[in-house]
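Q: This is the structure, below, for whatever I ask next.
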Amino acid sequence: SHNILWMCSREGLLNIYSFADKNLHAANINWEADKPQRIMAIVENENSDLWLVSWDSGIFLLDRASMTTIRLPFSKDNGGFNHVHSSMEYKTSELLVSSDGGLMWYNTQTGPSCMVSTQRFVYPILKDAEGGIWFGSYYGGVHYSPNNNGQFEFFPLEVNDEESIVSCLCEDSDGTVWAGCDNMGLVNFSPKDGHIVRRLLPDRNVHSIIQDGAFLWVGSYAGGLHRVDKRTGAVR
């Protein structure tokens, strides 16, 4: 919200890029505890403060004015929850956190609350325009819970979906969901009936998707950047 790009890495680096002065520099943060070695996700809350979600050291609330942090630890009783992959703020004071152990609610006031799903190796999380929750998993396909009712429906991306590795999810302005896969490229399907609408870039390892009007920009591992026309499926 401040026109600043924050970048994190698995090596523990945290950099800031200001679009105003086109300057890239390391974030000078005063850590409350030992600096986490792996920062897996950055989530901005409604107060414009940042949640820094680490691989195994808990969640850190960063006060942007003072550049100081408050650490919220993970529970040691949550198994693979310590191996975090991504996070998002579902509503005020409540984060969804994906991990090797599943998908968990994390209340930033009280700490870890409950496992939403025990499907293992959960990677991307998406909140759609209607408040439903989507997540993708490693060798587990795509799962969907309408209106956050706790019951997840499985959306197979392949006949034998034990082989699908979902890296990213994107809902476009038409309400269509796109899934990027390590081993299946880009899959577009209708949430209403679960039918696959289109498969694109089947030989690409897709890691990121973002909408830009009638197009999608799709980033792939070692395969470059692609522009996809949502209307025709044409790839450039």
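Naming scheme: A, B, ... for chains in displayed order of the structure tokens; residues 1 onward per chain; ligands 1 onward as shown.
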Can you list, as a count of residues only, every protein, DNA or RNA residue that comes within 8 Å of Trp178 (chain A) when you count only C-alpha atoms, leaving out same-chain residues fewer than 2 positions away?
A: 10
Q: Which residues are close to Gly58 (chain A), i.e. within 12 Å by only C-alpha atoms, leaving aside same-chain residues fewer than 3 positions away? Reply as JSON, numbers by chain.
A: {"A": [32, 33, 34, 35, 36, 37, 38, 39, 40, 41, 51, 52, 53, 54, 55, 61, 69, 70, 71, 72, 73, 74, 75, 76, 81, 82, 83, 84, 87, 97, 106, 108, 111, 112]}
Q: Mind pulling up the distance from CA of Met7 (chain A) to CA of Ile29 (chain A)?
A: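 If I compute the distance from CA of Ile29 (chain A) to CA of Met7 (chain A), I get 13.6 Å.
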Q: If DSSP is run on the backbone, what residues of region 48-235 of chain A are helix (DSSP H, G or I)? A reply as a ChimeraX atom specification would be ideal.
A: /A:76-82,146-148,161-163
Q: Let me make sure I understand: among A:Ser57, A:Gln109, A:Asn147, A:Ser167, which one has the smallest atom-to-atom distance to Pro124 (chain A) if we use only C-alpha atoms?
A: A:Ser167
Q: Find the residues near Ile4 (chain A): any atom within 8 Å, counting only C-alpha atoms, skip ones fewer than 3 places away on the same chain, and give them as a VMD selection string.
A: chain A and resid 1 16 to 19
Q: In terms of the shortest atom-to-atom distance over only C-alpha atoms, which of A:Ser190, A:Ala26, A:Arg198, A:Arg227 is closest to Asp212 (chain A)?
A: A:Arg227
Q: Residues within 12 Å of Gly213 (chain A), please, as a list in words. Count only C-alpha atoms; anything in the same chain fewer than 3 positions from it doesn't count.
A: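 Listed by chain and then number, they are Asp172, Ser173, Asp174, Ile210, Leu216, Trp217, Arg227, Val228, Asp229, Lys230 and Arg231 of chain A.
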Q: Restrict the selected residues to all heavy atoms and save them as a compact mmCIF listing (two decimals), in the first residue's frame.
A:
```txt
# COMPACT_ATOMS: atom_id res chain seq x y z
N ASP A 172 -9.20 -15.13 -11.89
CA ASP A 172 -9.24 -13.94 -12.73
C ASP A 172 -10.53 -13.15 -12.51
O ASP A 172 -11.37 -13.53 -11.68
CB ASP A 172 -9.04 -14.31 -14.21
CG ASP A 172 -10.17 -15.15 -14.79
OD1 ASP A 172 -11.30 -15.12 -14.24
OD2 ASP A 172 -9.95 -15.82 -15.81
N SER A 173 -10.69 -12.06 -13.23
CA SER A 173 -11.84 -11.17 -13.03
C SER A 173 -13.15 -11.80 -13.45
O SER A 173 -14.23 -11.30 -13.09
CB SER A 173 -11.62 -9.86 -13.80
OG SER A 173 -11.38 -10.12 -15.18
N ASP A 174 -13.10 -12.91 -14.19
CA ASP A 174 -14.31 -13.63 -14.59
C ASP A 174 -14.71 -14.71 -13.58
O ASP A 174 -15.69 -15.41 -13.78
CB ASP A 174 -14.12 -14.28 -15.96
CG ASP A 174 -13.82 -13.25 -17.04
OD1 ASP A 174 -14.41 -12.15 -16.98
OD2 ASP A 174 -12.98 -13.53 -17.92
N ILE A 210 -0.28 -14.02 -12.81
CA ILE A 210 -0.91 -12.75 -12.44
C ILE A 210 -1.73 -12.26 -13.62
O ILE A 210 -1.32 -12.40 -14.78
CB ILE A 210 0.15 -11.70 -12.00
CG1 ILE A 210 -0.55 -10.48 -11.43
CG2 ILE A 210 1.06 -11.32 -13.16
CD1 ILE A 210 0.39 -9.49 -10.77
N LEU A 216 -2.92 -13.09 -19.01
CA LEU A 216 -2.25 -13.61 -17.83
C LEU A 216 -0.75 -13.60 -18.11
O LEU A 216 -0.32 -13.99 -19.20
CB LEU A 216 -2.69 -15.04 -17.52
CG LEU A 216 -4.14 -15.29 -17.14
CD1 LEU A 216 -4.37 -16.80 -17.00
CD2 LEU A 216 -4.52 -14.58 -15.86
N TRP A 217 0.02 -13.16 -17.13
CA TRP A 217 1.47 -13.31 -17.21
C TRP A 217 1.83 -14.54 -16.39
O TRP A 217 1.45 -14.67 -15.23
CB TRP A 217 2.17 -12.08 -16.65
CG TRP A 217 1.99 -10.87 -17.52
CD1 TRP A 217 1.09 -9.86 -17.35
CD2 TRP A 217 2.73 -10.54 -18.71
NE1 TRP A 217 1.21 -8.92 -18.34
CE2 TRP A 217 2.22 -9.30 -19.18
CE3 TRP A 217 3.77 -11.16 -19.40
CZ2 TRP A 217 2.72 -8.70 -20.34
CZ3 TRP A 217 4.26 -10.54 -20.55
CH2 TRP A 217 3.74 -9.33 -21.00
N ARG A 227 2.93 -14.69 -21.97
CA ARG A 227 1.69 -13.94 -21.90
C ARG A 227 0.59 -14.77 -22.53
O ARG A 227 0.69 -15.16 -23.70
CB ARG A 227 1.81 -12.59 -22.61
CG ARG A 227 0.62 -11.67 -22.32
CD ARG A 227 0.70 -10.36 -23.07
NE ARG A 227 0.36 -10.54 -24.48
CZ ARG A 227 0.09 -9.53 -25.29
NH1 ARG A 227 0.13 -8.28 -24.86
NH2 ARG A 227 -0.21 -9.75 -26.56
N VAL A 228 -0.47 -15.03 -21.75
CA VAL A 228 -1.57 -15.88 -22.22
C VAL A 228 -2.81 -15.04 -22.41
O VAL A 228 -3.22 -14.29 -21.50
CB VAL A 228 -1.86 -17.01 -21.20
CG1 VAL A 228 -3.05 -17.83 -21.61
CG2 VAL A 228 -0.62 -17.90 -21.03
N ASP A 229 -3.44 -15.15 -23.57
CA ASP A 229 -4.71 -14.49 -23.84
C ASP A 229 -5.81 -15.37 -23.26
O ASP A 229 -6.02 -16.50 -23.70
CB ASP A 229 -4.91 -14.32 -25.35
CG ASP A 229 -6.11 -13.45 -25.68
OD1 ASP A 229 -7.15 -13.58 -25.00
OD2 ASP A 229 -6.02 -12.66 -26.62
N LYS A 230 -6.52 -14.88 -22.23
CA LYS A 230 -7.55 -15.69 -21.58
C LYS A 230 -8.68 -16.05 -22.52
O LYS A 230 -9.31 -17.10 -22.39
CB LYS A 230 -8.15 -14.91 -20.40
CG LYS A 230 -7.20 -14.59 -19.28
CD LYS A 230 -7.98 -14.09 -18.06
CE LYS A 230 -8.91 -12.95 -18.46
NZ LYS A 230 -9.82 -12.57 -17.37
N ARG A 231 -8.96 -15.19 -23.49
CA ARG A 231 -10.10 -15.40 -24.38
C ARG A 231 -9.84 -16.50 -25.41
O ARG A 231 -10.72 -17.29 -25.72
CB ARG A 231 -10.45 -14.09 -25.10
CG ARG A 231 -10.81 -12.96 -24.14
CD ARG A 231 -10.63 -11.60 -24.79
NE ARG A 231 -9.24 -11.34 -25.17
CZ ARG A 231 -8.79 -10.19 -25.66
NH1 ARG A 231 -9.63 -9.19 -25.80
NH2 ARG A 231 -7.53 -10.05 -25.97
```
Q: Write out as a ChimeraX atom specification which residues come within 9 Å of His143 (chain A) when counting only C-alpha atoms, dropping same-chain ones fewer than 4 positions away.
A: /A:133-137,152-156
